[in-house]
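> This structure is in structure tokens; I'll ask about it shortly.
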Amino acid sequence: MPVPVDLSRSESVNVPDAWKHAIKDDKISVLPLVSDREKKYRDGWCTYTYEHVQAPALEIICGGINAKTPQASAIWRQGHLLHFGFEQSPSEFNDNGRALLVNSVCYIAKFTEDRPIVRPPTHIRPLDRFVIDRLIGNTERDLDTYLDWYFHDKTHELVRGKSREELAKWYLGNRGFVRADERGKFVIDEDARRVGVANDSPEFIPTLIARLGEDSGENGLAQQLLARYVAEGPTTDSSARVWESWWNENQPYLFFSDTGSFRWFVDPLAKSRQIPTKELRGPLRATLK
């Protein structure tokens with residue numbers, strides 16, 4: 001059974017240096033999980049879960065003091081899997097720390113049907129296109145250094161030397177056509193630009209299906225883009241009618257994931273329950289009684 005947590009034991013502490021670019025207050029409220037605050041403990045693990053929030057099977061439960069960012073998560077769920085990032089053993093926790101561990105186990109036990117849907121590539125660090133928005137807004141980071149990490153060489157040349165304002169304007173017109181190459185570097189998909197619809201837009205797939213049904217030279221382009229962006233669709237050479245049937249069956253359960261190699265996925269839990277995936281998030285994905 002879940003254990004009560006005593007929120008009255010929260011304390012006000014200094015904002016960590018690594019957080020000051022995002023939090024302008026001097027103090028934040030935290031709930032200590034150990035009794036001996038002076039002891040040196042092993043560092044725990046936090047995850048940049050905000051890069052993966054497009055995936056419906058992901059739920060952020062709790063943050064914690066860390067040397068990364070205030071958005072990095074300490075406790076989070078992906079499908080039926082739980083990440084508990086605090087490193088201390090139960091004997092090192094105080095009552096609230098032990099309650100947090102017990103409650104986390106009780107919570108994840110409710111998710112017997114949900115499963116991770118998106119599995120990012122293991123050989124690269126997957127990035128979401130919002131990393132460029134975050135970079136533009138973080139004036140403490142050097143643009144060219146980070147853009148060299150994020151963009152493919154040819155794409156980096158297009159933005160090299162731009163001010164933040166110039167980069168923001170350029171990116172506004174191009175972010176809908178961003179995808180990642182085999183190294184995880186951002187490129188602008190000129191094929192998608194020819195279609196004129198952002199690859200993560202709800203109109204992207206039906207626009208391509210409509211082009212499949214046209215008697216024009218665009219059929220091949222539409223087939224290529226459907227194969228590139230739809231993770232579990234019909235075969236590449238399928239007709240417009242087959243794709244239309246697939247779309248009508250799966251449209252409410254589709255979602256786009258940047259960190260899932262910039263592709264559209266079907267949410268199997270939402271489909272099995274006949275609930276649109278945008279409405280089936282967080283605790284609602286627990287097993288029904």
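By order of appearance in the structure tokens: chains A, B, ..., then residues from 1 within every chain, and ligands from 1 in the order shown.
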If you take only C-alpha atoms and a cut-off of 10 Å, which residues of stretch 102-211 of chain A touch stretch 235-257 of chain A, and what are their nearest atom pairs and distances in Å to one decimal, in chain and number order, as a Markdown table?

| residue | atom | partner | partner_atom | distance |
| --- | --- | --- | --- | --- |
| A:Val118 | CA | A:Ser257 | CA | 7.6 |
| A:Pro120 | CA | A:Ser257 | CA | 9.5 |
| A:Asp128 | CA | A:Ser257 | CA | 8.2 |
| A:Asn199 | CA | A:Phe256 | CA | 8.6 |
| A:Asp200 | CA | A:Phe256 | CA | 5.9 |
| A:Ser201 | CA | A:Phe256 | CA | 8.5 |
| A:Pro202 | CA | A:Phe255 | CA | 8.7 |
| A:Ile205 | CA | A:Trp247 | CA | 8.1 |
| A:Pro206 | CA | A:Trp247 | CA | 7.6 |
| A:Leu208 | CA | A:Ala240 | CA | 9.1 |
| A:Ile209 | CA | A:Ala240 | CA | 5.7 |
| A:Ala210 | CA | A:Ala240 | CA | 7.2 |
| A:Arg211 | CA | A:Ala240 | CA | 8.2 |
> Next, dump the selected residues to file, keeping only N, CA and C atoms, as a PDB file, in the first residue's frame.

ATOM      1  N   VAL A 118       8.508   3.844 -28.039  1.00  0.00           N
ATOM      2  CA  VAL A 118       9.638   4.402 -28.777  1.00  0.00           C
ATOM      3  C   VAL A 118      10.938   3.866 -28.199  1.00  0.00           C
ATOM      4  N   PRO A 120      14.707   4.672 -28.908  1.00  0.00           N
ATOM      5  CA  PRO A 120      15.679   5.478 -29.663  1.00  0.00           C
ATOM      6  C   PRO A 120      16.889   4.649 -30.064  1.00  0.00           C
ATOM      7  N   ASP A 128      15.627  16.031 -29.794  1.00  0.00           N
ATOM      8  CA  ASP A 128      14.384  16.550 -30.339  1.00  0.00           C
ATOM      9  C   ASP A 128      14.645  17.928 -30.935  1.00  0.00           C
ATOM     10  N   ASN A 199       6.705  17.618 -41.077  1.00  0.00           N
ATOM     11  CA  ASN A 199       6.693  16.158 -40.905  1.00  0.00           C
ATOM     12  C   ASN A 199       6.001  15.701 -39.630  1.00  0.00           C
ATOM     13  N   ASP A 200       5.845  16.580 -38.649  1.00  0.00           N
ATOM     14  CA  ASP A 200       5.155  16.214 -37.415  1.00  0.00           C
ATOM     15  C   ASP A 200       3.726  16.741 -37.369  1.00  0.00           C
ATOM     16  N   SER A 201       3.243  17.288 -38.482  1.00  0.00           N
ATOM     17  CA  SER A 201       1.888  17.826 -38.542  1.00  0.00           C
ATOM     18  C   SER A 201       0.869  16.708 -38.737  1.00  0.00           C
ATOM     19  N   PRO A 202      -0.313  16.810 -38.126  1.00  0.00           N
ATOM     20  CA  PRO A 202      -1.373  15.808 -38.355  1.00  0.00           C
ATOM     21  C   PRO A 202      -1.786  15.708 -39.819  1.00  0.00           C
ATOM     22  N   ILE A 205       0.661  12.861 -43.069  1.00  0.00           N
ATOM     23  CA  ILE A 205       0.357  11.549 -43.654  1.00  0.00           C
ATOM     24  C   ILE A 205      -0.809  11.620 -44.636  1.00  0.00           C
ATOM     25  N   PRO A 206      -1.952  12.236 -44.296  1.00  0.00           N
ATOM     26  CA  PRO A 206      -3.038  12.294 -45.284  1.00  0.00           C
ATOM     27  C   PRO A 206      -2.663  13.051 -46.552  1.00  0.00           C
ATOM     28  N   LEU A 208       0.312  12.984 -47.951  1.00  0.00           N
ATOM     29  CA  LEU A 208       1.095  12.032 -48.745  1.00  0.00           C
ATOM     30  C   LEU A 208       0.189  10.962 -49.355  1.00  0.00           C
ATOM     31  N   ILE A 209      -0.789  10.504 -48.603  1.00  0.00           N
ATOM     32  CA  ILE A 209      -1.710   9.499 -49.132  1.00  0.00           C
ATOM     33  C   ILE A 209      -2.483  10.060 -50.325  1.00  0.00           C
ATOM     34  N   ALA A 210      -2.891  11.320 -50.229  1.00  0.00           N
ATOM     35  CA  ALA A 210      -3.605  11.954 -51.341  1.00  0.00           C
ATOM     36  C   ALA A 210      -2.728  12.002 -52.582  1.00  0.00           C
ATOM     37  N   ARG A 211      -1.429  12.234 -52.401  1.00  0.00           N
ATOM     38  CA  ARG A 211      -0.519  12.280 -53.538  1.00  0.00           C
ATOM     39  C   ARG A 211      -0.322  10.904 -54.160  1.00  0.00           C
TER      40      ARG A 211
END
> DSSP on the backbone, alpha helix (DSSP H) only: what residues of stretch 72-271 of chain A does that give? Format it as a PyMOL selection string.
chain A and resi 95-108+130-137+143-150+153-159+164-174+190-195+204-212+219-229+240-250+268-271
> May I ask which of the residues A:Asp142, A:Glu38, A:Glu59, A:Glu92 is the closest one to A:Arg77, counting only C-alpha atoms?
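Between A:Asp142, A:Glu38, A:Glu59, A:Glu92, the residue approaching A:Arg77 most closely is A:Glu59.
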> Which one is closest to A:Glu232: A:Asp114, A:Asp144, A:Glu190, A:Asp267? Count only C-alpha atoms.
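Distance minimum relative to A:Glu232 lands on A:Asp267.
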> Name the closest residue to A:Ala55 among the candidates A:Ile23, A:Val159, A:Ala286, A:Val266; distances are taken between atoms, counting only C-alpha atoms.
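The shortest atom-to-atom distance to A:Ala55 comes from A:Val266.
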> Find, counting only C-alpha atoms, the residue in A:Tyr41, A:Phe93, A:Trp76, A:Tyr50 that gets nearest to A:Tyr107.
A:Trp76
> Compile the contact shell of stretch 149-158 of chain A as a PDB file with N, CA and C atoms, in the first residue's frame: residues with an atom at most 9 Å away, counting only C-alpha atoms, same-chain residues fewer than 6 positions apart removed.

ATOM      1  N   LEU A 127      18.064  13.451 -30.264  1.00  0.00           N
ATOM      2  CA  LEU A 127      17.701  14.810 -29.892  1.00  0.00           C
ATOM      3  C   LEU A 127      16.343  15.164 -30.478  1.00  0.00           C
ATOM      4  N   VAL A 131      15.509  21.218 -29.059  1.00  0.00           N
ATOM      5  CA  VAL A 131      16.820  21.557 -28.504  1.00  0.00           C
ATOM      6  C   VAL A 131      17.336  22.858 -29.107  1.00  0.00           C
ATOM      7  N   ILE A 132      16.947  23.135 -30.349  1.00  0.00           N
ATOM      8  CA  ILE A 132      17.372  24.393 -30.963  1.00  0.00           C
ATOM      9  C   ILE A 132      16.615  25.559 -30.352  1.00  0.00           C
ATOM     10  N   ALA A 180      16.775  13.738 -38.437  1.00  0.00           N
ATOM     11  CA  ALA A 180      18.149  13.398 -38.062  1.00  0.00           C
ATOM     12  C   ALA A 180      18.757  12.450 -39.087  1.00  0.00           C
ATOM     13  N   ASP A 181      20.064  12.619 -39.345  1.00  0.00           N
ATOM     14  CA  ASP A 181      20.763  11.686 -40.233  1.00  0.00           C
ATOM     15  C   ASP A 181      21.239  10.477 -39.429  1.00  0.00           C
ATOM     16  N   ARG A 183      23.934   9.833 -38.085  1.00  0.00           N
ATOM     17  CA  ARG A 183      24.775  10.181 -36.936  1.00  0.00           C
ATOM     18  C   ARG A 183      24.007  10.934 -35.865  1.00  0.00           C
ATOM     19  N   GLY A 184      22.719  11.171 -36.102  1.00  0.00           N
ATOM     20  CA  GLY A 184      21.916  11.928 -35.153  1.00  0.00           C
ATOM     21  C   GLY A 184      22.000  13.417 -35.358  1.00  0.00           C
ATOM     22  N   LYS A 185      22.672  13.861 -36.424  1.00  0.00           N
ATOM     23  CA  LYS A 185      22.790  15.289 -36.719  1.00  0.00           C
ATOM     24  C   LYS A 185      21.546  15.773 -37.466  1.00  0.00           C
ATOM     25  N   PHE A 186      21.115  16.991 -37.168  1.00  0.00           N
ATOM     26  CA  PHE A 186      19.944  17.544 -37.820  1.00  0.00           C
ATOM     27  C   PHE A 186      20.238  17.931 -39.272  1.00  0.00           C
ATOM     28  N   VAL A 187      19.294  17.591 -40.140  1.00  0.00           N
ATOM     29  CA  VAL A 187      19.329  18.029 -41.539  1.00  0.00           C
ATOM     30  C   VAL A 187      17.942  18.550 -41.880  1.00  0.00           C
ATOM     31  N   ILE A 188      17.848  19.329 -42.923  1.00  0.00           N
ATOM     32  CA  ILE A 188      16.570  19.791 -43.428  1.00  0.00           C
ATOM     33  C   ILE A 188      16.143  18.851 -44.551  1.00  0.00           C
TER      34      ILE A 188
END
> Using only C-alpha atoms, which residues sit within 6 Å of A:Val15 once same-chain residues fewer than 3 positions away are excluded, as a ChimeraX atom specification?
/A:26-28
> Can you pull out every residue within 12 Å of A:Pro90, counting only C-alpha atoms, but drop anything in the same chain fewer than 3 positions away, and send it as a PyMOL selection string?
chain A and resi 33-35+86-87+93-102
> With C-alpha atoms retained, write the just-selected residues as a PDB file, in the first residue's frame.

ATOM      1  CA  LEU A  33      15.024  12.282   1.590  1.00  0.00           C
ATOM      2  CA  VAL A  34      17.863  11.633   4.073  1.00  0.00           C
ATOM      3  CA  SER A  35      18.282  12.526   7.733  1.00  0.00           C
ATOM      4  CA  PHE A  86      17.957   8.402  -6.115  1.00  0.00           C
ATOM      5  CA  GLU A  87      20.995   6.305  -5.217  1.00  0.00           C
ATOM      6  CA  PHE A  93      16.626   7.252   3.516  1.00  0.00           C
ATOM      7  CA  ASN A  94      14.538   9.056   6.100  1.00  0.00           C
ATOM      8  CA  ASP A  95      10.831   8.251   6.430  1.00  0.00           C
ATOM      9  CA  ASN A  96       9.938  10.397   3.434  1.00  0.00           C
ATOM     10  CA  GLY A  97      12.647   8.803   1.307  1.00  0.00           C
ATOM     11  CA  ARG A  98      11.440   5.303   2.130  1.00  0.00           C
ATOM     12  CA  ALA A  99       7.844   6.372   1.492  1.00  0.00           C
ATOM     13  CA  LEU A 100       8.835   7.739  -1.913  1.00  0.00           C
ATOM     14  CA  LEU A 101      10.485   4.436  -2.846  1.00  0.00           C
ATOM     15  CA  VAL A 102       7.528   2.338  -1.647  1.00  0.00           C
TER      16      VAL A 102
END
> Using only C-alpha atoms, can you tell me which of A:Pro121, A:Pro276, A:Gly282, A:Pro2 comes closest to A:Ile60?
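Of A:Pro121, A:Pro276, A:Gly282, A:Pro2, the one nearest A:Ile60, counting only C-alpha atoms, is A:Gly282.
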> Using only C-alpha atoms, determine which residues lie at most 9 Å from A:Val195, disregarding the query and same-chain residues fewer than 3 positions distant; provide the list as a list in words.
Glu190, Asp191, Ala192, Ala198, Phe204, Thr207, Leu208, Leu221 and Ala222 of chain A
> Convert the current residue selection to file output with N, CA and C atoms, as a PDB file, in the first residue's frame.

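Done, and the output landed in result.pdb:
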ATOM      1  N   GLU A 190      14.606  18.148 -47.619  1.00  0.00           N
ATOM      2  CA  GLU A 190      14.118  18.892 -48.784  1.00  0.00           C
ATOM      3  C   GLU A 190      12.957  18.169 -49.458  1.00  0.00           C
ATOM      4  N   ASP A 191      12.892  16.848 -49.333  1.00  0.00           N
ATOM      5  CA  ASP A 191      11.756  16.112 -49.885  1.00  0.00           C
ATOM      6  C   ASP A 191      10.469  16.517 -49.174  1.00  0.00           C
ATOM      7  N   ALA A 192      10.523  16.592 -47.844  1.00  0.00           N
ATOM      8  CA  ALA A 192       9.348  17.010 -47.083  1.00  0.00           C
ATOM      9  C   ALA A 192       9.000  18.463 -47.395  1.00  0.00           C
ATOM     10  N   ALA A 198       4.709  20.192 -42.570  1.00  0.00           N
ATOM     11  CA  ALA A 198       5.676  19.771 -41.551  1.00  0.00           C
ATOM     12  C   ALA A 198       5.557  18.278 -41.280  1.00  0.00           C
ATOM     13  N   PHE A 204       0.352  15.678 -42.333  1.00  0.00           N
ATOM     14  CA  PHE A 204       1.463  15.168 -43.136  1.00  0.00           C
ATOM     15  C   PHE A 204       1.101  13.855 -43.834  1.00  0.00           C
ATOM     16  N   THR A 207      -1.775  14.037 -46.431  1.00  0.00           N
ATOM     17  CA  THR A 207      -1.319  14.745 -47.636  1.00  0.00           C
ATOM     18  C   THR A 207      -0.535  13.807 -48.536  1.00  0.00           C
ATOM     19  N   LEU A 208       0.312  12.984 -47.951  1.00  0.00           N
ATOM     20  CA  LEU A 208       1.095  12.032 -48.745  1.00  0.00           C
ATOM     21  C   LEU A 208       0.189  10.962 -49.355  1.00  0.00           C
ATOM     22  N   LEU A 221       7.725  10.193 -54.673  1.00  0.00           N
ATOM     23  CA  LEU A 221       8.117  11.017 -53.534  1.00  0.00           C
ATOM     24  C   LEU A 221       7.257  10.687 -52.317  1.00  0.00           C
ATOM     25  N   ALA A 222       5.962  10.553 -52.527  1.00  0.00           N
ATOM     26  CA  ALA A 222       5.065  10.231 -51.419  1.00  0.00           C
ATOM     27  C   ALA A 222       5.409   8.871 -50.812  1.00  0.00           C
TER      28      ALA A 222
END
> In Å, how far is it from atom CA of A:Arg285 to atom CA of A:Leu82?
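Distance between the two atoms: 14.0 Å.
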> Please extract the residues of stretch 172-259 of chain A with a backbone DSSP assignment of strand (DSSP E) and present them as a ChimeraX atom specification.
/A:178-180,186-188,254-257
> Output N, CA and C atoms of each residue in that selection to a file, as a PDB file, in the first residue's frame.

ATOM      1  N   VAL A 178      12.788  19.423 -40.160  1.00  0.00           N
ATOM      2  CA  VAL A 178      13.987  18.877 -39.522  1.00  0.00           C
ATOM      3  C   VAL A 178      13.831  17.371 -39.329  1.00  0.00           C
ATOM      4  N   ARG A 179      14.904  16.636 -39.576  1.00  0.00           N
ATOM      5  CA  ARG A 179      15.003  15.232 -39.200  1.00  0.00           C
ATOM      6  C   ARG A 179      16.469  14.956 -38.880  1.00  0.00           C
ATOM      7  N   ALA A 180      16.775  13.738 -38.437  1.00  0.00           N
ATOM      8  CA  ALA A 180      18.149  13.398 -38.062  1.00  0.00           C
ATOM      9  C   ALA A 180      18.757  12.450 -39.087  1.00  0.00           C
ATOM     10  N   PHE A 186      21.115  16.991 -37.168  1.00  0.00           N
ATOM     11  CA  PHE A 186      19.944  17.544 -37.820  1.00  0.00           C
ATOM     12  C   PHE A 186      20.238  17.931 -39.272  1.00  0.00           C
ATOM     13  N   VAL A 187      19.294  17.591 -40.140  1.00  0.00           N
ATOM     14  CA  VAL A 187      19.329  18.029 -41.539  1.00  0.00           C
ATOM     15  C   VAL A 187      17.942  18.550 -41.880  1.00  0.00           C
ATOM     16  N   ILE A 188      17.848  19.329 -42.923  1.00  0.00           N
ATOM     17  CA  ILE A 188      16.570  19.791 -43.428  1.00  0.00           C
ATOM     18  C   ILE A 188      16.143  18.851 -44.551  1.00  0.00           C
ATOM     19  N   LEU A 254      -2.158   7.603 -33.471  1.00  0.00           N
ATOM     20  CA  LEU A 254      -0.836   7.932 -33.985  1.00  0.00           C
ATOM     21  C   LEU A 254      -0.215   9.093 -33.217  1.00  0.00           C
ATOM     22  N   PHE A 255       1.086   9.045 -33.052  1.00  0.00           N
ATOM     23  CA  PHE A 255       1.834  10.166 -32.489  1.00  0.00           C
ATOM     24  C   PHE A 255       3.201  10.225 -33.164  1.00  0.00           C
ATOM     25  N   PHE A 256       3.781  11.407 -33.172  1.00  0.00           N
ATOM     26  CA  PHE A 256       5.090  11.612 -33.789  1.00  0.00           C
ATOM     27  C   PHE A 256       6.146  11.712 -32.700  1.00  0.00           C
ATOM     28  N   SER A 257       7.323  11.154 -32.951  1.00  0.00           N
ATOM     29  CA  SER A 257       8.421  11.216 -31.980  1.00  0.00           C
ATOM     30  C   SER A 257       9.710  11.643 -32.666  1.00  0.00           C
TER      31      SER A 257
END
> Rank nothing, just name the residue among A:Gln223, A:Ser8, A:Ser89, A:Gln71 nearest to A:Gly44, using only C-alpha atoms.
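Distance minimum relative to A:Gly44 lands on A:Ser89.
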> Can you work out the spacing between atom CA of A:Ala227 and atom CA of A:Arg263 in Å, to one decimal?
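That distance, rounded to one decimal, is 9.5 Å.
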